[in-house]
>>> print(open('final_18.cif').read())   # mmCIF, C-alpha atoms
data_start
loop_
_atom_site.label_atom_id
_atom_site.label_comp_id
_atom_site.auth_asym_id
_atom_site.auth_seq_id
_atom_site.Cartn_x
_atom_site.Cartn_y
_atom_site.Cartn_z
CA MET J 1 85.87 52.06 60.39
CA ALA J 2 84.39 54.56 62.84
CA THR J 3 84.47 53.51 66.51
CA ASP J 4 81.50 54.06 68.82
CA THR J 5 83.32 56.67 70.90
CA GLU J 6 84.06 58.78 67.83
CA ILE J 7 80.54 58.86 66.40
CA ASN J 8 78.77 62.20 66.10
CA TYR J 9 75.13 61.18 65.67
CA ASN J 10 74.01 64.55 64.37
CA ARG J 11 76.54 64.09 61.61
CA VAL J 12 75.48 60.47 61.07
CA LEU J 13 71.89 61.57 60.56
CA LYS J 14 72.99 64.39 58.30
CA CYS J 15 74.91 61.95 56.08
CA ALA J 16 71.97 59.53 56.00
CA MET J 17 69.59 62.40 55.14
CA ASP J 18 71.95 63.63 52.42
CA ILE J 19 71.91 60.18 50.82
CA GLY J 20 68.14 59.91 51.24
CA GLU J 21 67.61 63.32 49.66
CA HIS J 22 69.83 62.42 46.71
CA MET J 23 67.89 59.16 46.27
CA PHE J 24 64.50 60.86 46.43
CA VAL J 25 65.51 63.57 43.95
CA SER J 26 66.92 60.91 41.59
CA GLY J 27 63.57 59.08 41.46
CA ILE J 28 63.76 56.33 44.09
CA GLU J 29 60.41 55.68 45.76
CA ALA J 30 59.67 56.77 49.32
CA GLY J 31 59.74 53.33 50.96
CA LYS J 32 63.23 52.53 49.71
CA VAL J 33 64.48 55.97 50.76
CA GLU J 34 63.21 55.36 54.29
CA ASP J 35 64.73 51.87 54.33
CA SER J 36 68.14 53.16 53.17
CA ILE J 37 68.19 55.90 55.81
CA ALA J 38 67.28 53.37 58.51
CA ARG J 39 69.96 50.87 57.41
CA ILE J 40 72.66 53.55 57.36
CA CYS J 41 71.73 54.81 60.84
CA ARG J 42 71.63 51.27 62.26
CA ALA J 43 75.10 50.62 60.88
CA TYR J 44 76.36 53.30 63.29
CA GLY J 45 74.52 51.90 66.30
CA VAL J 46 71.36 54.03 66.34
CA LEU J 47 68.75 52.34 68.53
CA ARG J 48 65.56 53.58 66.86
CA ILE J 49 64.77 55.29 63.57
CA ASP J 50 61.40 56.82 62.67
CA ALA J 51 61.51 57.94 59.03
CA LEU J 52 58.73 59.46 56.95
CA SER J 53 59.09 60.33 53.27
CA ILE J 54 56.33 61.98 51.27
CA THR J 55 56.45 63.65 47.89
CA THR J 56 57.95 66.92 49.14
CA SER J 57 59.63 66.13 52.47
CA ILE J 58 61.77 63.67 54.41
CA ILE J 59 61.45 63.69 58.21
CA VAL J 60 63.62 61.45 60.40
CA THR J 61 63.97 61.10 64.16
CA ILE J 62 66.61 58.84 65.70
CA GLU J 63 67.38 57.65 69.24
CA THR J 64 71.11 57.41 69.94
CA PRO J 65 72.74 54.83 72.27
CA ASN J 66 73.06 57.53 74.98
CA GLY J 67 69.31 58.21 74.91
CA GLU J 68 69.39 61.43 72.91
CA PHE J 69 66.69 62.10 70.30
CA ILE J 70 67.65 63.94 67.09
CA THR J 71 65.29 65.09 64.34
CA GLN J 72 66.12 66.45 60.89
CA THR J 73 63.93 67.33 57.91
CA ARG J 74 64.56 67.92 54.23
CA ARG J 75 62.39 69.71 51.67
CA ILE J 76 62.22 68.06 48.24
CA THR J 77 61.49 70.56 45.48
CA ASN J 78 62.14 68.59 42.31
CA ARG J 79 62.37 64.94 41.29
CA ARG J 80 63.78 63.48 38.11
CA TYR J 81 65.08 60.02 37.28
CA ASP J 82 68.87 59.83 37.09
CA PHE J 83 70.06 56.24 36.78
CA MET J 84 73.77 57.01 37.12
CA ARG J 85 73.23 58.75 40.45
CA ILE J 86 70.90 55.97 41.63
CA GLU J 87 73.57 53.36 40.91
CA ALA J 88 76.28 55.42 42.63
CA LEU J 89 74.08 56.00 45.68
CA ASN J 90 73.24 52.32 45.85
CA ARG J 91 76.95 51.40 45.89
CA LEU J 92 77.66 53.97 48.59
CA SER J 93 74.78 52.71 50.76
CA ARG J 94 76.00 49.11 50.48
CA THR J 95 79.54 50.16 51.40
CA ILE J 96 78.29 52.05 54.47
CA CYS J 97 76.18 49.14 55.72
CA GLU J 98 78.97 46.60 55.17
CA THR J 99 82.04 48.53 56.43
CA ARG J 100 80.76 51.49 58.51
CA PRO J 101 83.37 53.91 57.14
CA GLU J 102 84.43 57.24 58.62
CA LEU J 103 81.82 59.96 58.11
CA GLN J 104 84.32 62.05 56.20
CA TYR J 105 84.46 59.27 53.59
CA ILE J 106 80.68 59.48 53.11
CA GLU J 107 80.81 63.24 52.69
CA ASP J 108 83.64 62.95 50.16
CA GLU J 109 81.75 60.30 48.18
CA LEU J 110 78.60 62.44 48.13
CA ARG J 111 80.61 65.31 46.70
CA LYS J 112 81.82 62.97 43.95
CA ILE J 113 78.22 61.92 43.24
CA ASP J 114 77.23 65.59 43.06
CA GLY J 115 79.96 65.99 40.47
CA ILE J 116 78.61 63.27 38.16
CA LYS J 117 78.11 64.93 34.81
CA PRO J 118 74.66 64.59 33.27
CA LEU J 119 74.19 62.95 29.91
CA ARG J 120 75.49 65.19 27.13
CA TRP J 121 72.69 67.14 25.50
CA PHE J 122 73.41 65.59 22.10
CA TRP J 123 72.84 62.03 23.32
CA ALA J 124 69.84 63.10 25.38
CA ALA J 125 68.29 64.67 22.28
CA ILE J 126 68.99 61.59 20.14
CA ALA J 127 67.47 59.30 22.77
CA LEU J 128 64.34 61.45 23.12
CA ILE J 129 63.84 61.75 19.35
CA LEU J 130 64.28 58.01 18.78
CA PHE J 131 61.97 57.26 21.70
CA ALA J 132 59.11 59.34 20.24
CA SER J 133 59.55 57.99 16.72
CA ALA J 134 59.81 54.38 17.96
CA PHE J 135 56.49 54.66 19.79
CA ALA J 136 54.81 56.28 16.79
CA VAL J 137 55.74 53.15 14.82
CA PHE J 138 55.02 50.87 17.80
CA PHE J 139 51.34 51.85 17.84
CA GLY J 140 50.85 51.55 14.07
CA GLY J 141 52.47 54.53 12.38
CA ASN J 142 54.56 54.47 9.20
CA PHE J 143 57.90 56.04 8.30
CA LYS J 144 56.34 59.48 7.76
CA ASP J 145 54.74 59.33 11.19
CA ALA J 146 58.07 58.36 12.72
CA VAL J 147 59.74 61.39 11.12
CA ALA J 148 56.96 63.71 12.31
CA ALA J 149 57.13 62.30 15.85
CA ALA J 150 60.92 62.76 15.81
CA ILE J 151 60.54 66.44 14.86
CA ALA J 152 57.89 66.99 17.54
CA GLY J 153 60.14 65.19 20.03
CA ALA J 154 62.99 67.55 19.14
CA VAL J 155 60.70 70.50 19.87
CA VAL J 156 59.84 68.96 23.26
CA PHE J 157 63.55 68.53 23.99
CA VAL J 158 64.34 72.17 23.18
CA PHE J 159 61.41 73.38 25.30
CA ASP J 160 62.42 71.08 28.17
CA LYS J 161 66.04 72.25 28.02
CA TYR J 162 65.46 75.98 27.91
CA ALA J 163 62.18 76.54 29.79
CA THR J 164 63.95 76.02 33.12
CA ARG J 165 61.94 78.63 35.00
CA LEU J 166 58.71 76.81 34.29
CA LYS J 167 59.93 73.48 35.67
CA SER J 168 59.33 74.64 39.22
CA ASN J 169 55.65 74.53 38.29
CA ARG J 170 55.36 71.16 36.59
CA ILE J 171 51.66 71.56 35.79
CA VAL J 172 52.17 74.78 33.83
CA PHE J 173 55.18 73.23 32.10
CA ASN J 174 53.19 70.13 31.06
CA LEU J 175 50.34 72.27 29.78
CA LEU J 176 52.52 74.57 27.68
CA VAL J 177 54.74 71.85 26.24
CA SER J 178 51.65 69.81 25.35
CA ILE J 179 50.07 72.75 23.51
CA ILE J 180 53.28 73.36 21.56
CA ALA J 181 53.88 69.67 20.82
CA GLY J 182 50.27 69.14 19.78
CA ALA J 183 50.37 72.14 17.44
CA VAL J 184 53.62 70.89 15.86
CA CYS J 185 52.11 67.43 15.29
CA ILE J 186 49.04 68.91 13.58
CA LEU J 187 51.07 71.25 11.36
CA LEU J 188 53.41 68.44 10.32
CA VAL J 189 50.46 66.32 9.18
CA ARG J 190 48.94 69.25 7.28
CA ILE J 191 52.13 69.95 5.35
CA GLY J 192 52.53 66.27 4.53
CA VAL J 193 55.49 65.36 6.74
CA GLY J 194 53.30 63.05 8.82
CA GLN J 195 50.26 61.02 7.86
CA ASN J 196 48.43 59.66 10.93
CA LEU J 197 47.91 62.26 13.63
CA ASN J 198 46.85 59.61 16.15
CA TYR J 199 50.13 57.75 16.16
CA ILE J 200 52.29 60.87 16.03
CA MET J 201 50.57 62.39 19.05
CA ILE J 202 50.70 59.13 21.00
CA GLY J 203 54.43 58.88 20.35
CA VAL J 204 54.91 62.37 21.77
CA ILE J 205 52.52 61.75 24.68
CA MET J 206 54.67 58.78 25.74
CA LEU J 207 57.46 61.31 26.32
CA LEU J 208 55.31 63.40 28.63
CA ILE J 209 52.80 61.13 30.35
CA PRO J 210 53.52 60.53 34.06
CA GLY J 211 52.80 56.84 33.58
CA MET J 212 55.59 55.68 35.87
CA ALA J 213 54.51 58.22 38.49
CA MET J 214 50.92 56.93 38.36
CA THR J 215 52.05 53.31 38.50
CA GLY J 216 54.49 54.09 41.32
CA ALA J 217 51.72 55.85 43.25
CA ILE J 218 49.48 52.80 43.02
CA GLU J 219 52.44 50.62 44.03
CA ASP J 220 52.94 52.82 47.12
CA LEU J 221 49.27 52.36 48.02
CA LEU J 222 49.46 48.59 47.58
CA ILE J 223 52.49 48.23 49.88
CA GLY J 224 50.98 50.46 52.59
CA ASP J 225 52.57 53.88 51.97
CA THR J 226 49.11 55.45 51.90
CA ILE J 227 49.98 59.14 52.29
CA THR J 228 52.79 59.07 49.74
CA GLY J 229 50.71 56.98 47.35
CA LEU J 230 47.70 59.31 47.48
CA LEU J 231 49.83 62.42 47.04
CA ARG J 232 51.75 60.93 44.12
CA LEU J 233 48.52 59.68 42.53
CA CYS J 234 46.95 63.14 42.77
CA GLU J 235 50.07 64.70 41.24
CA ALA J 236 50.11 62.14 38.42
CA ILE J 237 46.42 62.60 37.62
CA ILE J 238 46.74 66.41 37.60
CA ALA J 239 49.83 66.17 35.38
CA ALA J 240 48.02 63.79 33.01
CA CYS J 241 45.04 66.16 32.87
CA ALA J 242 47.39 69.07 32.06
CA ILE J 243 48.96 67.07 29.21
CA ALA J 244 45.55 66.06 27.86
CA ALA J 245 44.31 69.65 28.15
CA GLY J 246 47.35 70.92 26.26
CA PHE J 247 46.81 68.58 23.32
CA ALA J 248 43.08 69.37 23.39
CA VAL J 249 43.77 73.13 23.25
CA ALA J 250 46.09 72.62 20.27
CA THR J 251 43.53 70.43 18.52
CA TYR J 252 40.67 72.89 19.03
CA SER J 253 42.77 75.95 18.20
CA LEU J 254 43.90 74.48 14.87
CA SER J 255 40.49 72.92 14.07
CA ALA J 256 42.05 69.45 13.88
CA LYS J 257 39.40 67.44 15.72
CA GLU J 258 38.34 65.62 12.55
CA MET J 259 41.94 64.53 11.91
CA ILE J 260 41.77 62.18 14.91
CA ASN J 261 40.38 58.70 14.29
CA LEU J 262 38.72 57.26 17.39
CA ASN J 263 38.50 53.81 15.80
CA ALA J 264 42.22 53.39 15.08
CA GLY J 265 43.68 50.39 16.88
CA ILE J 266 47.19 49.05 17.21
CA SER J 267 47.69 48.01 13.60
CA GLN J 268 51.37 47.10 13.78
CA ASN J 269 52.50 43.46 13.61
CA GLY J 270 54.11 41.78 16.59
CA ILE J 271 57.65 41.63 15.25
CA ILE J 272 57.83 45.38 14.60
CA GLN J 273 56.29 46.02 18.02
CA LEU J 274 58.97 43.88 19.70
CA ILE J 275 61.76 45.66 17.82
CA THR J 276 60.41 49.11 18.67
CA ALA J 277 59.76 48.04 22.30
CA PHE J 278 63.42 47.02 22.54
CA GLY J 279 64.55 50.34 21.02
CA SER J 280 62.22 52.54 23.04
CA SER J 281 63.20 50.89 26.35
CA GLY J 282 66.89 51.31 25.56
CA CYS J 283 66.35 54.94 24.54
CA TYR J 284 64.35 55.56 27.70
CA ALA J 285 67.21 54.24 29.84
CA LEU J 286 69.60 56.54 27.97
CA MET J 287 67.23 59.50 28.47
CA LEU J 288 67.26 58.83 32.21
CA GLY J 289 71.03 59.00 32.43
CA MET J 290 72.14 55.42 31.86
CA LYS J 291 75.45 55.82 30.01
CA ARG J 292 76.93 52.30 29.96
CA PRO J 293 76.15 50.44 26.70
CA LYS J 294 75.79 47.11 28.51
CA ARG J 295 73.21 48.58 30.86
CA ILE J 296 71.31 50.18 27.94
CA LEU J 297 71.25 46.85 26.09
CA THR J 298 70.00 45.11 29.23
CA ALA J 299 67.23 47.72 29.58
CA GLY J 300 66.19 47.20 25.96
CA ILE J 301 65.96 43.44 26.46
CA GLY J 302 63.66 44.08 29.44
CA GLY J 303 61.24 46.05 27.27
CA PHE J 304 61.42 43.32 24.61
CA LEU J 305 60.59 40.57 27.13
CA GLY J 306 57.82 42.56 28.83
CA TRP J 307 56.02 43.38 25.59
CA GLY J 308 56.61 39.86 24.31
CA ALA J 309 54.80 38.54 27.39
CA TYR J 310 51.95 41.00 26.72
CA ILE J 311 51.54 39.82 23.11
CA LEU J 312 51.62 36.17 24.18
CA MET J 313 49.02 36.70 26.91
CA MET J 314 46.71 38.59 24.55
CA GLN J 315 46.87 35.59 22.21
CA LEU J 316 46.15 33.07 24.97
CA VAL J 317 43.67 35.04 27.08
CA PRO J 318 42.57 38.27 25.34
CA ASN J 319 42.25 40.36 28.49
CA ASP J 320 44.15 43.66 28.66
CA PHE J 321 44.31 43.78 32.47
CA GLY J 322 45.65 40.25 32.78
CA ALA J 323 48.13 40.77 29.95
CA CYS J 324 49.46 43.98 31.55
CA PHE J 325 49.73 42.23 34.91
CA ILE J 326 51.73 39.29 33.53
CA ALA J 327 53.90 41.53 31.35
CA ALA J 328 54.73 43.81 34.29
CA ALA J 329 55.48 40.78 36.46
CA ILE J 330 57.86 39.40 33.80
CA GLY J 331 59.55 42.81 33.53
CA ALA J 332 59.87 43.05 37.32
CA LEU J 333 61.25 39.51 37.60
CA TYR J 334 63.79 40.26 34.86
CA ALA J 335 64.79 43.48 36.68
CA GLN J 336 65.31 41.65 39.98
CA ILE J 337 67.43 38.96 38.33
CA MET J 338 69.57 41.44 36.39
CA ALA J 339 70.02 43.54 39.54
CA ARG J 340 71.64 40.53 41.24
CA VAL J 341 73.65 39.55 38.16
CA MET J 342 75.00 43.06 37.52
CA ARG J 343 75.06 44.20 41.18
CA ALA J 344 72.94 47.26 40.46
CA PRO J 345 69.59 48.64 41.69
CA ALA J 346 66.61 46.76 40.25
CA MET J 347 64.91 50.07 39.52
CA ILE J 348 67.24 50.98 36.64
CA PHE J 349 66.11 47.83 34.81
CA LEU J 350 62.48 47.86 35.97
CA VAL J 351 61.47 51.31 34.70
CA PRO J 352 62.60 50.74 31.08
CA ALA J 353 61.15 47.21 31.10
CA VAL J 354 57.60 48.41 31.78
CA ILE J 355 57.66 51.64 29.75
CA PRO J 356 56.01 50.02 26.67
CA LEU J 357 53.08 49.11 28.94
CA VAL J 358 52.50 52.66 30.20
CA PRO J 359 48.94 53.73 29.17
CA GLY J 360 49.83 56.69 26.92
CA ARG J 361 47.56 55.42 24.17
CA ALA J 362 44.62 55.08 26.55
CA LEU J 363 45.16 58.65 27.80
CA PHE J 364 45.22 59.96 24.21
CA TYR J 365 41.90 58.29 23.35
CA THR J 366 40.37 59.45 26.63
CA PHE J 367 40.84 63.15 25.84
CA SER J 368 40.12 62.58 22.12
CA SER J 369 36.79 60.95 23.00
CA PHE J 370 36.02 63.89 25.29
CA MET J 371 36.66 66.34 22.43
CA HIS J 372 34.32 64.37 20.17
CA GLY J 373 31.61 64.28 22.84
CA ALA J 374 31.67 60.47 23.01
CA ASP J 375 30.87 60.12 26.71
CA ASP J 376 30.76 56.31 26.65
CA LEU J 377 34.26 56.18 25.13
CA VAL J 378 35.55 58.73 27.66
CA TYR J 379 34.50 56.43 30.48
CA SER J 380 35.78 53.32 28.72
CA TRP J 381 39.22 54.73 27.88
CA GLY J 382 39.51 56.49 31.24
CA MET J 383 38.91 53.21 33.06
CA THR J 384 41.39 51.50 30.73
CA THR J 385 44.04 54.07 31.71
CA LEU J 386 43.52 53.46 35.43
CA LEU J 387 43.20 49.67 35.12
CA GLU J 388 46.38 49.37 33.05
CA ALA J 389 48.27 51.42 35.63
CA LEU J 390 46.79 49.22 38.40
CA ALA J 391 47.75 46.02 36.55
CA ILE J 392 51.34 47.21 36.05
CA ALA J 393 51.65 48.16 39.73
CA LEU J 394 50.15 44.83 40.86
CA GLY J 395 52.55 42.87 38.67
CA MET J 396 55.54 44.73 40.09
CA VAL J 397 54.37 44.43 43.72
CA VAL J 398 53.66 40.71 43.50
CA VAL J 399 57.15 40.01 42.17
CA LEU J 400 58.73 42.32 44.74
CA ILE J 401 56.94 40.60 47.64
CA ALA J 402 57.74 37.12 46.31
CA PHE J 403 61.38 37.96 45.63
CA THR J 404 61.81 39.57 49.06
CA ALA J 405 60.31 36.51 50.73
CA ILE J 406 62.60 34.17 48.79
CA VAL J 407 65.72 36.20 49.60
CA ALA J 408 64.75 36.30 53.31
CA ALA J 409 64.19 32.52 53.33
CA VAL J 410 67.57 31.87 51.69
CA ARG J 411 69.28 34.10 54.27
CA ARG J 412 67.61 32.22 57.13
CA ILE J 413 68.74 28.89 55.67
CA ASN J 414 72.30 30.15 55.28
CA LEU J 415 72.34 31.41 58.88
CA ARG J 416 71.12 28.05 60.18
CA LYS J 417 73.85 26.26 58.25
CA LYS J 418 76.44 28.68 59.56
CA PHE J 419 75.49 28.45 63.24
#
>>> encode(input="final_18.cif", output="structure tokens")
Amino acid sequence: MATDTEINYNRVLKCAMDIGEHMFVSGIEAGKVEDSIARICRAYGVLRIDALSITTSIIVTIETPNGEFITQTRRITNRRYDFMRIEALNRLSRTICETRPELQYIEDELRKIDGIKPLRWFWAAIALILFASAFAVFFGGNFKDAVAAAIAGAVVFVFDKYATRLKSNRIVFNLLVSIIAGAVCILLVRIGVGQNLNYIMIGVIMLLIPGMAMTGAIEDLLIGDTITGLLRLCEAIIAACAIAAGFAVATYSLSAKEMINLNAGISQNGIIQLITAFGSSGCYALMLGMKRPKRILTAGIGGFLGWGAYILMMQLVPNDFGACFIAAAIGALYAQIMARVMRAPAMIFLVPAVIPLVPGRALFYTFSSFMHGADDLVYSWGMTTLLEALAIALGMVVVLIAFTAIVAAVRRINLRKKF
């Protein structure tokens, strides 16, 4: 344990910022990054911490016990979910807050985290292909549609893996990959590999849509992180528009507008939906770097329970907003419980649990209605997209607030018993 006389507060802040940067890049939301930085600094006796995280920067000022003020900033250039890193960073943060180790230990552990190998490309490809095909079936497609979605998903994987220069400009990347994926979907239907263009495209869109980014942005707004929430929401909307534009360009270029059926609903039965929800959530966790089979199984069960709650609510009270809200709340509650049971961040269970609820289908029908000139449907599906994202965010926030309040109350009771 570091003693107060040995502490170099510039180095303390640097270590805290390093951890915060790793968290932000790995997909953890701004509020939790700020909270982690503050907890780490307080563990070393810092008197005051003012932390601000937005989509592209982290800025922190601390006041040391000797009255010195220190400020550091970090520029965030790219963010991508990585569940293995998130779990490792969570363990390191807990260790720091509980034991206040030497700063050299933190730096050594961060080097080890930097050395975590990403998921092997073979397993990443398998997960992505199964994810796209599972959602094609989930929304009503048949075996042919699943095969076509798998092929289109493989094309997306290859493009994502090798178009590294374009990833610095996410909008251009989303536009180009959507054009290519849309063209592949159309050609596969025309040569008879696929049958229903709607379901194939939706399966591929679920790979690309920034549904979690949009939901996370609304969650930030609801909990008071206004700047971060607005910036993330703008980014998510622009990214969604780029994806929609890409598929629209492919559809117009290949004269495939008439192949899209605006009246197609979710025709799949509930049992198949539950099975594919389980599979797609597990595959999504694997795609995001979750390597442990037990964790992947747990993630799949979360998707199963969340979509099961949605189906049940639609039977009891046929209201899409209410069903999404309850389903997201069930998924969030499950994530919080499993986080305590498995001593892991709730986020790695929450994201896969709500992925079947992400409004990829609504986005598809929004741009399809626009292409057909059906203005009333454009408005209807556009509002559905936003309302579903709002319902998911509300469900997650309500559970988070309730769970935080319960945990705080239990801690107060335990302290009273102790003293």
>>> axis_aligned_box(input="final_18.cif", around="region 373-379 of chain J", padding_each_side="8 Å", output="lines of an AutoDock Vina configuration file")
center_x = 33.2
center_y = 60.2
center_z = 26.7
size_x = 20.8
size_y = 24.1
size_z = 23.6
>>> residues_near_point(input="final_18.cif", point="(55.5, 68.9, 25.6)", cutoff="12 Å", atoms="all atoms listed in the file", output="MDAnalysis selection string")
chainID J and resid 128 132 149 152:161 163 167 170:185 201:209 239:240 242:247 250
>>> resolve_selection(input="final_18.cif", expression="the PyMOL selection byres ((chain J and resi 79-93) around 6)", output="number ranges by chain")
J: 25-27, 78, 94-96, 288-290, 348
>>> residues_around(input="final_18.cif", residues="region 47-49 of chain J", least_positions_apart="4", cutoff="8 Å", atoms="all atoms listed in the file", output="PyMOL selection string")
chain J and resi 38+41-42+60-65
>>> residues_around(input="final_18.cif", residues="Thr384 (chain J)", least_positions_apart="4", cutoff="10 Å", atoms="only C-alpha atoms", output="PyMOL selection string")
chain J and resi 320-321+359+361-363+366+378-380+388-390
>>> residues_around(input="final_18.cif", residues="Met342 (chain J)", least_positions_apart="6", cutoff="12 Å", atoms="only C-alpha atoms", output="PyMOL selection string")
chain J and resi 87+91+294-295+298+334-336+348-349
>>> closest_residue(input="final_18.cif", among="J:Ala353, J:Ala256, J:Val33, J:Ile129", to="Ser57 (chain J)", atoms="all atoms listed in the file")
J:Val33
>>> residues_around(input="final_18.cif", residues="region 396-400 of chain J", least_positions_apart="6", cutoff="10 Å", atoms="all atoms listed in the file", output="short mmCIF file (atom, residue, chain, number, x, y, z; two decimals) with C-alpha atoms, in the frame of the given file")
data_model
loop_
_atom_site.label_atom_id
_atom_site.label_comp_id
_atom_site.auth_asym_id
_atom_site.auth_seq_id
_atom_site.Cartn_x
_atom_site.Cartn_y
_atom_site.Cartn_z
CA THR J 215 52.05 53.31 38.50
CA GLY J 216 54.49 54.09 41.32
CA ILE J 218 49.48 52.80 43.02
CA GLU J 219 52.44 50.62 44.03
CA ASP J 220 52.94 52.82 47.12
CA LEU J 222 49.46 48.59 47.58
CA ILE J 223 52.49 48.23 49.88
CA PHE J 325 49.73 42.23 34.91
CA ILE J 326 51.73 39.29 33.53
CA ALA J 327 53.90 41.53 31.35
CA ALA J 328 54.73 43.81 34.29
CA ALA J 329 55.48 40.78 36.46
CA ILE J 330 57.86 39.40 33.80
CA GLY J 331 59.55 42.81 33.53
CA ALA J 332 59.87 43.05 37.32
CA LEU J 333 61.25 39.51 37.60
CA TYR J 334 63.79 40.26 34.86
CA ALA J 335 64.79 43.48 36.68
CA GLN J 336 65.31 41.65 39.98
CA LEU J 350 62.48 47.86 35.97
CA VAL J 354 57.60 48.41 31.78
CA LEU J 390 46.79 49.22 38.40
CA ILE J 406 62.60 34.17 48.79
#
